[in-house]
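The next block is final37.csv, given as CSV, C-alpha atoms (C1' of nucleotides).
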```
chain,number,residue,atom,x,y,z
A,756,MET,CA,-21.0,39.8,-18.7
A,757,ARG,CA,-19.4,42.7,-16.9
A,758,MET,CA,-17.6,42.7,-13.6
A,759,GLY,CA,-18.0,45.7,-11.4
A,760,GLU,CA,-15.2,48.3,-11.5
A,761,GLY,CA,-15.0,48.1,-7.7
A,762,VAL,CA,-13.4,44.7,-7.8
A,763,GLU,CA,-10.3,46.1,-9.3
A,764,TRP,CA,-10.2,48.9,-6.7
A,765,ALA,CA,-10.7,46.4,-3.9
A,766,LEU,CA,-8.0,44.1,-5.1
A,767,HIS,CA,-5.4,46.8,-5.5
A,768,THR,CA,-6.4,48.3,-2.2
A,769,CYS,CA,-6.2,45.0,-0.4
A,770,LEU,CA,-2.7,44.5,-1.9
A,771,ASN,CA,-1.7,47.9,-0.6
A,772,LEU,CA,-3.0,47.0,2.8
A,773,THR,CA,-0.6,44.1,3.0
A,774,TRP,CA,2.2,46.6,3.0
A,775,VAL,CA,1.2,48.7,6.0
A,776,GLU,CA,2.7,47.6,9.3
A,777,ALA,CA,0.5,45.3,11.4
A,778,GLY,CA,-1.9,47.1,13.7
A,779,GLN,CA,-1.9,50.3,11.7
A,780,ALA,CA,-5.2,51.4,10.1
A,781,VAL,CA,-5.4,53.4,6.9
A,782,PRO,CA,-8.4,55.7,6.1
A,783,ALA,CA,-10.4,55.1,2.9
A,784,SER,CA,-9.7,58.6,1.8
A,785,ARG,CA,-5.9,58.0,1.9
A,786,LEU,CA,-6.3,54.7,0.1
A,787,ALA,CA,-8.4,56.3,-2.6
A,788,ALA,CA,-6.0,59.2,-3.0
A,789,TYR,CA,-3.2,56.8,-3.9
A,790,TYR,CA,-5.0,55.9,-7.1
A,791,GLU,CA,-7.0,59.1,-7.5
A,792,LEU,CA,-10.3,57.3,-6.9
A,793,PRO,CA,-13.6,58.7,-5.5
A,794,ALA,CA,-13.0,58.4,-1.8
A,795,ALA,CA,-16.7,57.9,-0.9
A,796,TYR,CA,-17.2,55.1,-3.4
A,797,LEU,CA,-14.1,53.2,-2.4
A,798,ASN,CA,-15.4,53.5,1.2
A,799,LYS,CA,-18.5,51.7,0.0
A,800,GLN,CA,-16.5,48.9,-1.4
A,801,LEU,CA,-14.4,48.7,1.8
A,802,GLN,CA,-17.6,48.4,3.8
A,803,ALA,CA,-18.5,45.4,1.7
A,804,LEU,CA,-15.1,43.9,2.5
A,805,ALA,CA,-15.7,44.6,6.2
A,806,ARG,CA,-19.1,42.9,6.1
A,807,ALA,CA,-17.4,39.9,4.6
A,808,GLY,CA,-14.9,39.9,7.4
A,809,LEU,CA,-11.9,40.5,5.2
A,810,VAL,CA,-11.0,43.9,6.7
A,811,VAL,CA,-11.7,45.5,10.1
A,812,SER,CA,-12.7,49.1,10.4
A,813,ALA,CA,-12.0,51.6,13.1
A,814,PRO,CA,-13.8,55.0,13.4
A,815,GLY,CA,-12.4,58.3,14.7
A,816,PRO,CA,-8.9,59.8,14.4
A,817,ARG,CA,-6.2,57.3,13.6
A,818,GLY,CA,-9.0,55.1,12.4
A,819,GLY,CA,-9.4,53.4,9.0
A,820,PHE,CA,-9.1,49.9,7.6
A,821,GLN,CA,-6.7,47.1,8.0
A,822,LEU,CA,-6.6,43.4,6.9
A,823,ALA,CA,-8.5,41.2,9.3
A,824,ARG,CA,-6.3,38.1,8.4
A,825,PRO,CA,-2.8,37.5,7.2
A,826,PRO,CA,-2.5,37.7,3.4
A,827,GLU,CA,-2.0,34.0,3.2
A,828,ARG,CA,-5.5,33.5,4.4
A,829,VAL,CA,-7.2,35.9,1.9
A,830,THR,CA,-7.9,34.6,-1.6
A,831,LEU,CA,-8.8,36.6,-4.6
A,832,MET,CA,-12.1,34.6,-4.6
A,833,ASP,CA,-12.9,36.1,-1.1
A,834,VAL,CA,-12.4,39.6,-2.4
A,835,VAL,CA,-14.4,39.1,-5.6
A,836,ALA,CA,-17.2,37.4,-3.7
A,837,ALA,CA,-17.3,40.2,-1.1
A,838,ILE,CA,-17.8,42.8,-3.8
A,839,GLU,CA,-19.8,41.0,-6.5
A,840,GLY,CA,-21.8,38.7,-4.3
A,841,GLU,CA,-22.0,35.0,-3.8
A,842,GLU,CA,-24.6,34.1,-6.4
A,843,PRO,CA,-23.4,32.6,-9.6
A,844,ALA,CA,-23.3,34.6,-12.8
A,845,PHE,CA,-25.5,32.2,-14.7
A,846,ARG,CA,-28.9,31.8,-13.1
A,847,CYS,CA,-31.0,28.9,-14.4
A,848,THR,CA,-34.6,30.0,-14.5
A,849,GLU,CA,-35.9,26.5,-15.5
A,850,ILE,CA,-37.3,27.6,-18.8
A,851,ARG,CA,-37.6,24.0,-19.8
A,852,GLY,CA,-40.6,23.7,-17.5
A,853,ARG,CA,-42.3,26.8,-18.8
A,854,GLY,CA,-43.3,25.5,-22.3
A,855,PRO,CA,-46.7,24.1,-23.3
A,856,ALA,CA,-45.1,20.7,-24.1
A,857,GLU,CA,-43.5,20.0,-20.8
A,858,GLY,CA,-45.6,19.0,-17.8
A,859,GLY,CA,-44.4,17.7,-14.5
A,860,PRO,CA,-41.1,18.0,-12.6
A,861,PHE,CA,-37.9,16.6,-13.9
A,862,PRO,CA,-35.9,13.7,-12.6
A,863,THR,CA,-32.5,15.4,-13.0
A,864,ALA,CA,-31.1,18.9,-12.8
A,865,CYS,CA,-30.9,21.0,-16.0
A,866,VAL,CA,-27.9,19.8,-18.0
A,867,ILE,CA,-27.2,23.3,-19.3
A,868,ASP,CA,-27.2,24.6,-15.7
A,869,ARG,CA,-24.9,21.9,-14.6
A,870,SER,CA,-22.4,22.7,-17.4
A,871,MET,CA,-22.5,26.4,-16.6
A,872,ARG,CA,-22.0,25.7,-13.0
A,873,ALA,CA,-19.1,23.4,-13.7
A,874,ALA,CA,-17.4,26.1,-15.7
A,875,GLU,CA,-18.0,28.7,-13.0
A,876,LEU,CA,-16.6,26.3,-10.4
A,877,ALA,CA,-13.4,26.1,-12.4
A,878,TRP,CA,-13.2,29.9,-12.3
A,879,ARG,CA,-13.8,30.0,-8.6
A,880,ARG,CA,-11.2,27.3,-7.9
A,881,GLU,CA,-8.6,29.3,-9.9
A,882,LEU,CA,-9.4,32.4,-7.9
A,883,ALA,CA,-9.5,30.6,-4.6
A,884,SER,CA,-6.1,29.0,-5.3
A,885,ARG,CA,-4.4,32.5,-5.4
A,886,THR,CA,-3.9,34.4,-2.2
A,887,LEU,CA,-3.0,37.9,-1.5
A,888,ALA,CA,0.3,36.7,-0.3
A,889,ASP,CA,1.0,35.1,-3.7
A,890,VAL,CA,0.2,38.4,-5.5
A,891,LYS,CA,2.2,40.4,-3.0
A,892,ALA,CA,5.3,38.1,-3.5
A,893,GLU,CA,5.0,38.3,-7.3
A,894,VAL,CA,4.7,42.1,-7.3
A,895,GLU,CA,7.7,42.4,-4.9
A,896,ARG,CA,9.7,40.2,-7.2
A,897,GLU,CA,8.9,42.2,-10.3
A,898,ALA,CA,8.9,45.7,-8.6
A,899,PRO,CA,10.9,45.4,-5.4
A,900,ASP,CA,10.4,49.1,-4.6
A,901,ALA,CA,6.6,48.9,-4.7
A,902,PRO,CA,6.1,48.4,-0.9
A,903,ALA,CA,8.5,51.1,0.1
A,904,ARG,CA,6.9,53.5,-2.4
A,905,PHE,CA,3.5,53.0,-0.9
A,906,ARG,CA,4.7,53.2,2.7
A,907,ASN,CA,6.7,56.3,2.0
A,908,TRP,CA,3.8,58.0,0.3
A,909,LEU,CA,1.7,57.1,3.2
A,910,SER,CA,4.0,58.6,5.8
A,911,ARG,CA,4.9,61.6,3.7
A,912,LYS,CA,1.3,62.6,3.3
A,913,GLY,CA,0.7,61.9,7.0
A,914,ALA,CA,3.6,64.1,8.1
B,840,MET,CA,-21.3,39.9,-11.9
B,841,ARG,CA,-24.5,39.0,-13.7
B,842,MET,CA,-24.8,37.1,-17.0
B,843,GLY,CA,-27.5,38.1,-19.4
B,844,GLU,CA,-30.7,36.1,-19.4
B,845,GLY,CA,-30.5,35.7,-23.1
B,846,VAL,CA,-27.6,33.3,-22.7
B,847,GLU,CA,-29.9,30.7,-21.1
B,848,TRP,CA,-32.5,31.2,-23.9
B,849,ALA,CA,-29.8,30.9,-26.6
B,850,LEU,CA,-28.4,27.7,-25.1
B,851,HIS,CA,-31.7,25.9,-24.8
B,852,THR,CA,-32.7,27.1,-28.2
B,853,CYS,CA,-29.5,25.9,-29.8
B,854,LEU,CA,-30.1,22.5,-28.1
B,855,ASN,CA,-33.6,22.4,-29.6
B,856,LEU,CA,-32.2,23.2,-33.0
B,857,THR,CA,-30.0,20.1,-32.8
B,858,TRP,CA,-33.2,18.0,-32.9
B,859,VAL,CA,-34.7,19.4,-36.1
B,860,GLU,CA,-34.0,17.5,-39.2
B,861,ALA,CA,-31.1,18.8,-41.3
B,862,GLY,CA,-32.0,21.5,-43.8
B,863,GLN,CA,-35.2,22.6,-42.0
B,864,ALA,CA,-35.4,26.1,-40.7
B,865,VAL,CA,-37.5,27.1,-37.6
B,866,PRO,CA,-38.8,30.6,-37.1
B,867,ALA,CA,-37.9,32.5,-34.0
B,868,SER,CA,-41.5,32.9,-33.1
B,869,ARG,CA,-41.9,29.1,-33.0
B,870,LEU,CA,-38.7,28.6,-30.9
B,871,ALA,CA,-39.9,31.3,-28.5
B,872,ALA,CA,-43.4,29.8,-28.1
B,873,TYR,CA,-41.9,26.5,-26.9
B,874,TYR,CA,-40.7,28.2,-23.8
B,875,GLU,CA,-43.2,31.1,-23.7
B,876,LEU,CA,-40.5,33.6,-24.3
B,877,PRO,CA,-40.9,37.1,-25.9
B,878,ALA,CA,-40.5,36.2,-29.6
B,879,ALA,CA,-39.0,39.6,-30.6
B,880,TYR,CA,-36.4,39.5,-27.9
B,881,LEU,CA,-35.3,35.9,-28.7
B,882,ASN,CA,-35.1,37.0,-32.3
B,883,LYS,CA,-32.6,39.6,-31.2
B,884,GLN,CA,-30.4,36.9,-29.5
B,885,LEU,CA,-30.7,34.7,-32.6
B,886,GLN,CA,-29.4,37.6,-34.7
B,887,ALA,CA,-26.3,37.7,-32.4
B,888,LEU,CA,-25.8,34.0,-33.0
B,889,ALA,CA,-26.2,34.6,-36.7
B,890,ARG,CA,-23.6,37.4,-36.7
B,891,ALA,CA,-21.2,35.0,-34.9
B,892,GLY,CA,-21.8,32.4,-37.6
B,893,LEU,CA,-23.4,29.8,-35.3
B,894,VAL,CA,-26.7,29.7,-37.0
B,895,VAL,CA,-27.9,30.7,-40.5
B,896,SER,CA,-31.1,32.7,-41.1
B,897,ALA,CA,-33.5,32.5,-44.0
B,898,PRO,CA,-36.3,35.1,-44.6
B,899,GLY,CA,-39.7,34.6,-46.0
B,900,PRO,CA,-42.2,31.8,-45.7
B,901,ARG,CA,-40.6,28.5,-44.6
B,902,GLY,CA,-37.7,30.6,-43.3
B,903,GLY,CA,-36.2,30.8,-39.9
B,904,PHE,CA,-33.0,29.6,-38.2
B,905,GLN,CA,-30.9,26.5,-38.3
B,906,LEU,CA,-27.5,25.5,-37.0
B,907,ALA,CA,-24.7,26.5,-39.3
B,908,ARG,CA,-22.4,23.6,-38.1
B,909,PRO,CA,-22.9,20.1,-36.7
B,910,PRO,CA,-23.4,20.1,-32.9
B,911,GLU,CA,-19.9,18.6,-32.4
B,912,ARG,CA,-18.4,21.8,-33.8
B,913,VAL,CA,-20.4,24.2,-31.5
B,914,THR,CA,-19.1,24.7,-28.0
B,915,LEU,CA,-20.9,26.4,-25.1
B,916,MET,CA,-18.2,29.0,-25.2
B,917,ASP,CA,-19.2,29.9,-28.7
B,918,VAL,CA,-22.8,30.6,-27.7
B,919,VAL,CA,-21.8,32.5,-24.6
B,920,ALA,CA,-19.3,34.6,-26.5
B,921,ALA,CA,-21.8,35.3,-29.2
B,922,ILE,CA,-24.4,36.7,-26.7
B,923,GLU,CA,-22.3,38.3,-24.1
B,924,GLY,CA,-19.4,39.5,-26.2
B,925,GLU,CA,-15.7,38.5,-26.4
B,926,GLU,CA,-14.3,41.0,-24.0
B,927,PRO,CA,-13.3,39.6,-20.6
B,928,ALA,CA,-15.5,40.2,-17.5
B,929,PHE,CA,-12.6,41.8,-15.6
B,930,ARG,CA,-11.3,44.9,-17.3
B,931,CYS,CA,-7.9,46.2,-16.0
B,932,THR,CA,-8.0,50.0,-16.1
B,933,GLU,CA,-4.4,50.3,-15.0
B,934,ILE,CA,-5.2,52.2,-11.9
B,935,ARG,CA,-1.6,51.5,-10.6
B,936,GLY,CA,-0.4,54.2,-13.0
B,937,ARG,CA,-3.0,56.8,-12.0
B,938,GLY,CA,-1.7,57.7,-8.6
B,939,PRO,CA,0.6,60.6,-7.6
B,940,ALA,CA,3.4,58.2,-6.6
B,941,GLU,CA,3.8,56.2,-9.8
B,942,GLY,CA,5.5,57.7,-12.7
B,943,GLY,CA,6.6,56.0,-15.9
B,944,PRO,CA,5.4,52.8,-17.7
B,945,PHE,CA,5.8,49.4,-16.1
B,946,PRO,CA,8.1,46.6,-17.1
B,947,THR,CA,5.5,43.8,-16.6
B,948,ALA,CA,1.7,43.5,-17.0
B,949,CYS,CA,-0.4,44.1,-13.9
B,950,VAL,CA,-0.2,41.0,-11.7
B,951,ILE,CA,-3.8,41.3,-10.6
B,952,ASP,CA,-4.9,41.5,-14.2
B,953,ARG,CA,-2.9,38.4,-15.0
B,954,SER,CA,-4.5,36.5,-12.1
B,955,MET,CA,-8.0,37.5,-13.1
B,956,ARG,CA,-7.3,36.6,-16.8
B,957,ALA,CA,-6.0,33.2,-15.8
B,958,ALA,CA,-9.1,32.5,-13.8
B,959,GLU,CA,-11.3,33.6,-16.7
B,960,LEU,CA,-9.2,31.5,-19.0
B,961,ALA,CA,-10.0,28.4,-16.9
B,962,TRP,CA,-13.7,29.3,-17.2
B,963,ARG,CA,-13.4,29.7,-20.9
B,964,ARG,CA,-11.6,26.4,-21.3
B,965,GLU,CA,-14.2,24.6,-19.4
B,966,LEU,CA,-17.0,26.0,-21.6
B,967,ALA,CA,-15.0,25.4,-24.8
B,968,SER,CA,-14.5,21.7,-23.8
B,969,ARG,CA,-18.2,21.1,-23.8
B,970,THR,CA,-20.0,21.0,-27.2
B,971,LEU,CA,-23.7,21.0,-28.1
B,972,ALA,CA,-23.3,17.4,-29.0
B,973,ASP,CA,-22.2,16.5,-25.5
B,974,VAL,CA,-25.2,18.3,-23.9
B,975,LYS,CA,-27.5,16.7,-26.5
B,976,ALA,CA,-26.3,13.2,-25.7
B,977,GLU,CA,-26.5,13.7,-22.0
B,978,VAL,CA,-30.1,15.1,-22.2
B,979,GLU,CA,-31.1,12.2,-24.5
B,980,ARG,CA,-29.7,9.7,-21.9
B,981,GLU,CA,-31.6,11.3,-19.0
B,982,ALA,CA,-34.8,12.1,-20.9
B,983,PRO,CA,-34.9,10.0,-24.1
B,984,ASP,CA,-38.3,11.4,-25.2
B,985,ALA,CA,-37.1,15.0,-25.2
B,986,PRO,CA,-36.2,15.1,-29.0
B,987,ALA,CA,-39.4,13.5,-30.0
B,988,ARG,CA,-41.4,15.8,-27.8
B,989,PHE,CA,-39.9,18.9,-29.4
B,990,ARG,CA,-40.2,17.5,-32.9
B,991,ASN,CA,-43.8,16.5,-32.4
B,992,TRP,CA,-44.8,19.8,-30.9
B,993,LEU,CA,-43.1,21.5,-33.8
B,994,SER,CA,-45.0,19.5,-36.5
B,995,ARG,CA,-48.3,19.6,-34.5
B,996,LYS,CA,-48.2,23.4,-34.3
B,997,GLY,CA,-47.3,23.5,-38.0
B,998,ALA,CA,-50.1,21.2,-39.1
C,1092,DG,C1',2.7,68.6,37.7
C,1093,DC,C1',-1.4,65.8,37.1
C,1094,DA,C1',-6.2,64.3,36.5
C,1095,DG,C1',-10.5,65.0,34.5
C,1096,DA,C1',-14.1,67.2,31.8
C,1097,DG,C1',-15.1,69.4,27.7
C,1098,DG,C1',-14.4,70.5,22.9
C,1099,DT,C1',-12.8,69.3,18.4
C,1100,DA,C1',-11.7,67.0,14.3
C,1101,DC,C1',-11.6,62.9,12.0
C,1102,DT,C1',-13.5,58.3,10.7
C,1103,DC,C1',-16.9,55.0,9.1
C,1104,DG,C1',-21.8,53.9,7.8
C,1105,DG,C1',-25.9,54.2,5.6
C,1106,DA,C1',-29.3,56.9,2.9
C,1107,DT,C1',-29.8,59.5,-1.4
C,1108,DA,C1',-29.5,61.0,-6.9
C,1109,DC,C1',-27.6,59.9,-11.6
C,1110,DG,C1',-26.3,57.3,-15.8
C,1111,DC,C1',-25.6,53.3,-18.6
C,1112,DG,C1',-26.7,48.8,-20.2
C,1113,DC,C1',-29.9,44.9,-20.3
C,1114,DT,C1',-34.7,44.0,-21.2
C,1115,DG,C1',-38.6,44.4,-24.1
C,1116,DT,C1',-41.2,46.1,-28.2
C,1117,DC,C1',-42.2,47.8,-32.7
C,1118,DC,C1',-42.2,48.4,-37.7
C,1119,DG,C1',-40.0,48.2,-42.4
C,1120,DA,C1',-37.1,45.5,-46.2
C,1121,DG,C1',-36.9,41.3,-48.4
C,1122,DT,C1',-38.2,36.8,-50.0
C,1123,DA,C1',-40.5,32.5,-51.1
C,1124,DA,C1',-44.8,30.6,-51.8
C,1125,DA,C1',-49.6,30.7,-53.4
C,1126,DT,C1',-52.7,32.6,-56.7
C,1127,DT,C1',-54.5,34.1,-61.0
C,1128,DG,C1',-54.7,34.9,-65.7
C,1129,DG,C1',-53.3,33.8,-70.3
C,1130,DG,C1',-51.5,30.7,-73.8
D,573,DC,C1',-53.0,21.5,-68.9
D,574,DC,C1',-48.8,24.3,-68.3
D,575,DC,C1',-46.3,28.6,-67.5
D,576,DA,C1',-45.4,33.2,-66.0
D,577,DA,C1',-46.5,37.5,-63.7
D,578,DT,C1',-48.7,39.3,-59.7
D,579,DT,C1',-50.3,39.3,-55.2
D,580,DT,C1',-49.9,37.8,-50.7
D,581,DA,C1',-48.2,36.4,-46.3
D,582,DC,C1',-44.5,35.4,-43.7
D,583,DT,C1',-39.7,36.0,-42.1
D,584,DC,C1',-35.6,38.4,-40.5
D,585,DG,C1',-33.2,42.7,-39.3
D,586,DG,C1',-32.5,46.9,-37.2
D,587,DA,C1',-34.4,51.1,-34.9
D,588,DC,C1',-37.0,52.7,-30.8
D,589,DA,C1',-38.8,53.0,-25.3
D,590,DG,C1',-38.6,51.2,-20.2
D,591,DC,C1',-36.4,49.6,-16.2
D,592,DG,C1',-33.0,47.9,-12.9
D,593,DC,C1',-28.4,47.8,-11.3
D,594,DG,C1',-23.9,49.8,-10.8
D,595,DT,C1',-21.8,54.3,-10.2
D,596,DA,C1',-21.2,58.4,-7.6
D,597,DT,C1',-22.2,61.6,-3.8
D,598,DC,C1',-23.6,63.5,0.5
D,599,DC,C1',-24.6,64.0,5.4
D,600,DG,C1',-25.1,62.1,10.1
D,601,DA,C1',-23.6,58.9,14.3
D,602,DG,C1',-19.7,57.7,16.9
D,603,DT,C1',-15.0,57.9,18.7
D,604,DA,C1',-10.2,59.0,19.9
D,605,DC,C1',-7.4,62.7,20.5
D,606,DC,C1',-6.2,67.3,22.1
D,607,DT,C1',-7.1,71.3,25.1
D,608,DC,C1',-8.2,73.7,29.0
D,609,DT,C1',-9.2,74.2,33.7
D,610,DG,C1',-9.0,73.0,38.5
D,611,DC,C1',-6.5,70.8,42.2
```
What do you get writing this file as structure tokens?
Amino acid sequence: MRMGEGVEWALHTCLNLTWVEAGQAVPASRLAAYYELPAAYLNKQLQALARAGLVVSAPGPRGGFQLARPPERVTLMDVVAAIEGEEPAFRCTEIRGRGPAEGGPFPTACVIDRSMRAAELAWRRELASRTLADVKAEVEREAPDAPARFRNWLSRKGA
Amino acid sequence: MRMGEGVEWALHTCLNLTWVEAGQAVPASRLAAYYELPAAYLNKQLQALARAGLVVSAPGPRGGFQLARPPERVTLMDVVAAIEGEEPAFRCTEIRGRGPAEGGPFPTACVIDRSMRAAELAWRRELASRTLADVKAEVEREAPDAPARFRNWLSRKGA
DNA sequence: GCAGAGGTACTCGGATACGCGCTGTCCGAGTAAATTGGG
DNA sequence: CCCAATTTACTCGGACAGCGCGTATCCGAGTACCTCTGC
């Protein structure tokens, strides 16, 4: 079970977006350059975030992306779901009904499917309980100069 | 994020293996026929379970697979890990250190990585808390004839 | 000096190739059972 | 009738193709800004 690499990019990029002043948009190319990532591919991920309503995009000069909601209202689950999709990792194909021994429909849902869904629900709850604001606060506590470093790099490159 | 289809096969197959009498081995071809699965591919998954020490294999006539431990000692996490691998779904590539702005090593681990690992740990704990015996008991409570149906089909085919 | 039309440069957005891993299949090594021949 | 060597058939185990999704890239549509011209 492998999670797409774009998730890591999206999470770090969203974190960086929490540090730009409100109302200012940052182009995908600038966001990608900060981590030396392929700009076009990061743009693709940002499009997914835009479709999910997590960021808003603006075309043209001075355009780019910015968070659509305050960081307190964006959970890690939102970001992961936007990139990886909403469908669960484990997909029950009902093989129990495929054999020669089994006949009609079943009274209850597949027990294995229920167990796997329960585990995945725990994972989702954990991710949903953590917002971008939480991560932002923790990073600022461990590396207080991180926001200024990003903002300075942003304006330096833009000058 | 997609989980391999072999996980579902392995889980159902392990459940079926809890219903065969102790000491008896069942060939992969027989186990596959019960769900109309590709025999050779299920064999591949069973090999992974054997490498993980969950099942023991015996070659030759009257050979096959059987559980290596009592169902109480086999968790769903064991099966999933045997098929999908031990490495976590989210892999931190430390992109924070790749940019032009960041320089030396970091005092603490990546906050995003920690959050993702915490969520994945919750998922693992949930899966580890559920044993094959639990699933077996629940299935037998909801469909009491399931064990006999499998055992009968097994002996009928073998007759 | 000011307003407006035109040009320009920059952005997102979707359509298009490439590569790796999961899916699926095959054949060979090894073993236990069945068979056959002899004592 | 009993035993042992041989043959046989069946199993796992790893090596070999096919396909789909994630990865990576490019080019076009659209827009805001800047410039130039006329008033």
| said: Counting all atoms listed in the file, a student should be able to say which residues of chain D come within 7 Å of chain B; what is the right answer, written as a PyMOL selection string? | reply: chain D and resi 582-584
Which protein, DNA or RNA residues have an atom at most 12 Å from (-4.6, 65.7, 36.1), counting all atoms listed in the file? List them as a short mmCIF file (atom, residue, chain, number, x, y, z; two decimals) with C-alpha atoms (C1' of nucleotides), in the frame of the given file.
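Okay, point.cif is ready:
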```cif
data_model
loop_
_atom_site.label_atom_id
_atom_site.label_comp_id
_atom_site.auth_asym_id
_atom_site.auth_seq_id
_atom_site.Cartn_x
_atom_site.Cartn_y
_atom_site.Cartn_z
"C1'" DG C 1092 2.70 68.60 37.70
"C1'" DC C 1093 -1.40 65.80 37.10
"C1'" DA C 1094 -6.20 64.30 36.50
"C1'" DG C 1095 -10.50 65.00 34.50
"C1'" DA C 1096 -14.10 67.20 31.80
"C1'" DC D 608 -8.20 73.70 29.00
"C1'" DT D 609 -9.20 74.20 33.70
"C1'" DG D 610 -9.00 73.00 38.50
"C1'" DC D 611 -6.50 70.80 42.20
#
```
| task | Kindly give the distance, in Å, that separates atom CA of Ala874 of chain A and atom CA of Val835 of chain A, rounded to a single decimal. | result |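 Taking atom CA of Ala874 of chain A as the start and atom CA of Val835 of chain A as the end point, the length is 16.7 Å.
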| Check: which chain B residues lie within 7 Å of chain A using only C-alpha atoms, as a PyMOL selection string | chain B and resi 840-843+873-875+923+928-929+934-935+937-940+950+958-959+961-962+965-966+974+978+992
| request: Would you list the contacts of DC591 of chain D as an MDAnalysis selection string, taking every protein, DNA or RNA residue within 12 Å and counting only C-alpha atoms (C1' of nucleotides), but skipping same-chain residues closer than 6 positions in sequence? | output: chainID C and resid 1111:1115
| Nearest to chain C among A:Ala823, A:Ala780, A:Val834, A:Ala903, with distances taken over all atoms listed in the file: which residue is it? |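 When distances to chain C are compared using all atoms listed in the file, the smallest one comes from A:Ala780.
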| query | Between C:DG1105, C:DT1099, C:DC1117, C:DG1110, which is the closest to DG586 of chain D once you count all atoms listed in the file? | reply |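 Of C:DG1105, C:DT1099, C:DC1117, C:DG1110, the one nearest DG586 of chain D, counting all atoms listed in the file, is C:DC1117.
Note that the spacing between atom CA of Leu856 of chain B and atom CA of Pro860 of chain A amounts to 22.9 Å.
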At most 7 Å is the cut-off: for each residue in chain C with any atom that close to an atom of chain A, write down the nearest atom pair and the distance in Å rounded to one decimal, counting only C-alpha atoms (C1' of nucleotides), chain first then increasing number, as JSON lines.
```
{"residue": "C:DC1101", "atom": "C1'", "partner": "A:Pro816", "partner_atom": "CA", "distance": 4.8}
{"residue": "C:DT1102", "atom": "C1'", "partner": "A:Gly815", "partner_atom": "CA", "distance": 4.1}
{"residue": "C:DC1103", "atom": "C1'", "partner": "A:Pro814", "partner_atom": "CA", "distance": 5.3}
```
| remark: atom CA of Ala849 of chain B sits from atom CA of Ala887 of chain B at a separation of 9.6 Å
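Using all atoms listed in the file, the shortest contact distance between Asp833 of chain A and any of A:Leu786, A:Val781, A:Leu909, A:Cys769 is found at A:Cys769.
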| said: With all atoms listed in the file as the counted atoms, please give the residues lying no more than 12 Å from DT1116 of chain C, apart from itself and same-chain residues fewer than 5 positions off, as an MDAnalysis selection string. | reply: (chainID B and resid 877:883) or (chainID D and resid 587:590)
| task | Please provide the set of residues having any atom within 9 Å of DT580 of chain D, restricted to all atoms listed in the file, with same-chain residues fewer than 5 positions apart removed, written as a VMD selection string. | result | chain C and resid 1124 to 1126
| Excluding same-chain residues fewer than 2 positions from Val829 of chain A, what lies within 6 Å of it counting all atoms listed in the file, as a list in words? |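 Final neighbour list, sorted by chain and number: Pro826, Glu827, Thr886 and Leu887 of chain A.
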| field | Residues within 12 Å of segment 573-575 of chain D, all atoms listed in the file, excluding chain neighbours under 2 positions, as a PyMOL selection string | value | (chain C and resi 1127-1130) or (chain D and resi 577)
